[in-house]
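Novice: Next up is a structure, given as structure tokens.
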Amino acid sequence: NQAEDDSGARWGLVQEVCGIGTPPEYERWFERWRRALQDFGASLGKAKVVGRMVVGLGGESVLETSIALHHTYGVPYIPGTALKGVAARFARQYLGSEWQEGSPAYKVVFGTTEEAGYITFFDAMPFPGTKFLYPDVIAVHHPEYYQGEGKPPADWDSPNPVPFIAAAGEYLVALAGPHAWVEKVFEILYHALRHLGVGAKTSSGYGRLLLDLGSSD
């Protein structure tokens, strides 16, 4: 039927996209990017995805799902705003009154609606040489309910599999700002990426990363 044909076409497209290789120019660009960060005075770390990661799932796409890809090289990346967001969320939830929104430490690192913070969170780009994209699927168990058709969810509803693209690999994480504050933010980010995760479907285990502060090679 039409629904099965559409699902098969989407799955085929997802697999095709995941099979596209990384342009050879990306490795040269990545090295220039890393040198530029070092020349700027940024501190670097390496974060490895544990399992799979999905950043930008709700963005506009020809599919029902999306993923954040670099506009020139087509590789997945983690926007600096996403890293800043998960670090701020961890600070508010787990670091006590000294890190609540509006506190001096919070304003120094994350800023306010009127003034930017003192820490720059750069986009995290993937290290070359590994496979980045993998096909995955979401099983929507009550599609008519979620589409707002007024039908309550029931055990006998037929699940609707929705294919999407997930990311893996290792990512260069870079922060810039006053050294002591950068060290503290890297510590916060280490725990935030490990326990909260970044991107979509974190409640299902996606988006967890292990941040190695001692190596960016």
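Residue numbers start at 1 in each chain; chains themselves are named A, B, ... in the order of the structure tokens; ligands are numbered from 1 in the order shown.
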Give me the residues within 9 Å of region 38-41 of chain A as a PyMOL selection string, counting only C-alpha atoms and dropping any in the same chain fewer than 2 places off.
Specialist: chain A and resi 33-36+43-44+175-177
Novice: Quick one: write out the picked residues with N, CA, C and O atoms as a tab-separated table (two decimals), in the first residue's frame?
Specialist:
chain	number	residue	atom	x	y	z
A	33	TRP	N	40.96	24.08	10.88
A	33	TRP	CA	40.05	24.47	11.96
A	33	TRP	C	40.69	24.29	13.32
A	33	TRP	O	40.64	25.18	14.18
A	34	ARG	N	41.36	23.14	13.52
A	34	ARG	CA	42.01	22.89	14.81
A	34	ARG	C	43.14	23.89	15.06
A	34	ARG	O	43.27	24.41	16.17
A	35	ARG	N	43.94	24.18	14.03
A	35	ARG	CA	45.03	25.15	14.20
A	35	ARG	C	44.49	26.54	14.50
A	35	ARG	O	45.04	27.29	15.33
A	36	ALA	N	43.38	26.89	13.84
A	36	ALA	CA	42.77	28.19	14.09
A	36	ALA	C	42.29	28.31	15.53
A	36	ALA	O	42.44	29.37	16.17
A	43	SER	N	40.91	26.09	24.44
A	43	SER	CA	41.29	24.81	25.05
A	43	SER	C	40.49	23.70	24.37
A	43	SER	O	39.29	23.86	24.12
A	44	LEU	N	41.16	22.57	24.07
A	44	LEU	CA	40.56	21.52	23.27
A	44	LEU	C	40.38	20.23	24.05
A	44	LEU	O	41.17	19.91	24.94
A	175	LEU	N	36.64	25.26	23.90
A	175	LEU	CA	36.12	26.36	24.71
A	175	LEU	C	37.18	27.45	24.79
A	175	LEU	O	38.37	27.16	24.81
A	176	ALA	N	36.75	28.69	24.86
A	176	ALA	CA	37.68	29.81	25.02
A	176	ALA	C	37.15	30.76	26.07
A	176	ALA	O	35.94	30.93	26.24
A	177	GLY	N	38.09	31.38	26.79
A	177	GLY	CA	37.73	32.31	27.85
A	177	GLY	C	38.80	32.31	28.92
A	177	GLY	O	39.88	31.71	28.75
Novice: Based on DSSP run over this structure's backbone, return all residues of region 111-142 of chain A in strand (DSSP E or B), as a list in words.
Specialist: Thr120, Phe121, Ala124, Met125, Pro126, Leu133, Tyr134, Pro135, Asp136, Val137, Ile138, Ala139 and Val140 of chain A
Novice: Write the residues of the preceding selection, restricted to C-alpha atoms, as a PDB file, in the first residue's frame.
Specialist:
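The result, written out as result.pdb:
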ATOM      1  CA  THR A 120      32.805  30.768  24.024  1.00  0.00           C
ATOM      2  CA  PHE A 121      31.381  27.346  23.095  1.00  0.00           C
ATOM      3  CA  ALA A 124      32.190  20.422  17.953  1.00  0.00           C
ATOM      4  CA  MET A 125      33.381  18.954  14.638  1.00  0.00           C
ATOM      5  CA  PRO A 126      34.075  15.231  14.082  1.00  0.00           C
ATOM      6  CA  LEU A 133      26.283   8.329   9.940  1.00  0.00           C
ATOM      7  CA  TYR A 134      24.133   5.260  10.608  1.00  0.00           C
ATOM      8  CA  PRO A 135      20.509   4.364   9.770  1.00  0.00           C
ATOM      9  CA  ASP A 136      18.151   4.062  12.732  1.00  0.00           C
ATOM     10  CA  VAL A 137      14.414   3.881  13.302  1.00  0.00           C
ATOM     11  CA  ILE A 138      11.804   5.307  15.681  1.00  0.00           C
ATOM     12  CA  ALA A 139       8.712   3.184  16.321  1.00  0.00           C
ATOM     13  CA  VAL A 140       5.715   5.500  16.764  1.00  0.00           C
TER      14      VAL A 140
END
Novice: Rounded to one decimal in Å, what is the spacing between CA of Ser203 (chain A) and CA of Phe164 (chain A)?
Specialist: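 If I compute the distance from CA of Ser203 (chain A) to CA of Phe164 (chain A), I get 16.9 Å.
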Novice: What is the CA of Leu83 (chain A)-CA of Leu193 (chain A) distance in Å, reported with one decimal?
Specialist: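 Calculated distance between CA of Leu83 (chain A) and CA of Leu193 (chain A) is 8.4 Å.
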Novice: Could you give me, as a VMD selection string, the residues within 10 Å of region 98-107 of chain A, counting only C-alpha atoms and dropping anything in the same chain fewer than 5 positions from it?
Specialist: chain A and resid 88 to 93 112 to 113 115 to 118 181
Novice: Keeping only C-alpha atoms, write the selected residues to a file as a CSV table (one decimal), in the first residue's frame.
Specialist:
chain,number,residue,atom,x,y,z
A,88,ALA,CA,23.8,25.2,31.7
A,89,ARG,CA,21.1,22.6,32.3
A,90,PHE,CA,23.4,20.4,34.3
A,91,ALA,CA,24.7,23.4,36.3
A,92,ARG,CA,21.1,24.4,37.3
A,93,GLN,CA,20.0,20.9,38.2
A,112,THR,CA,22.0,36.6,30.6
A,113,THR,CA,19.4,37.8,28.1
A,115,GLU,CA,24.8,40.2,28.2
A,116,ALA,CA,26.8,37.3,26.8
A,117,GLY,CA,28.9,35.1,29.1
A,118,TYR,CA,32.7,35.0,29.1
A,181,TRP,CA,36.6,29.3,34.1
Novice: Would you please work out which residue, of A:Pro128, A:Gly207, A:Gly19, A:Gly45, is nearest to Ala192 (chain A) when using only C-alpha atoms?
Specialist: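 Among A:Pro128, A:Gly207, A:Gly19, A:Gly45, it is A:Gly207 that comes nearest to Ala192 (chain A).
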Novice: Do a neighbour search on Pro23 (chain A) at 9 Å with only C-alpha atoms, toss out local chain neighbours closer than 4 positions, and write the hits as number ranges by chain.
Specialist: A: 27, 73-74
Novice: Would you mind exporting N, CA, C and O atoms of the selected residues as a compact mmCIF listing (two decimals), in the first residue's frame?
Specialist:
# COMPACT_ATOMS: atom_id res chain seq x y z
N GLU A 27 39.27 16.49 5.73
CA GLU A 27 40.41 16.27 6.63
C GLU A 27 41.32 17.50 6.64
O GLU A 27 41.79 17.92 7.70
N TYR A 73 30.50 20.31 4.18
CA TYR A 73 31.10 18.98 4.09
C TYR A 73 30.14 17.84 4.41
O TYR A 73 30.49 16.67 4.25
N GLY A 74 28.95 18.14 4.89
CA GLY A 74 27.95 17.11 5.13
C GLY A 74 28.24 16.18 6.28
O GLY A 74 27.65 15.10 6.37
Novice: By how many Å are CA of Gly197 (chain A) and CA of Ala42 (chain A) apart?
Specialist: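 Taking CA of Gly197 (chain A) as the start and CA of Ala42 (chain A) as the end point, the length is 22.9 Å.
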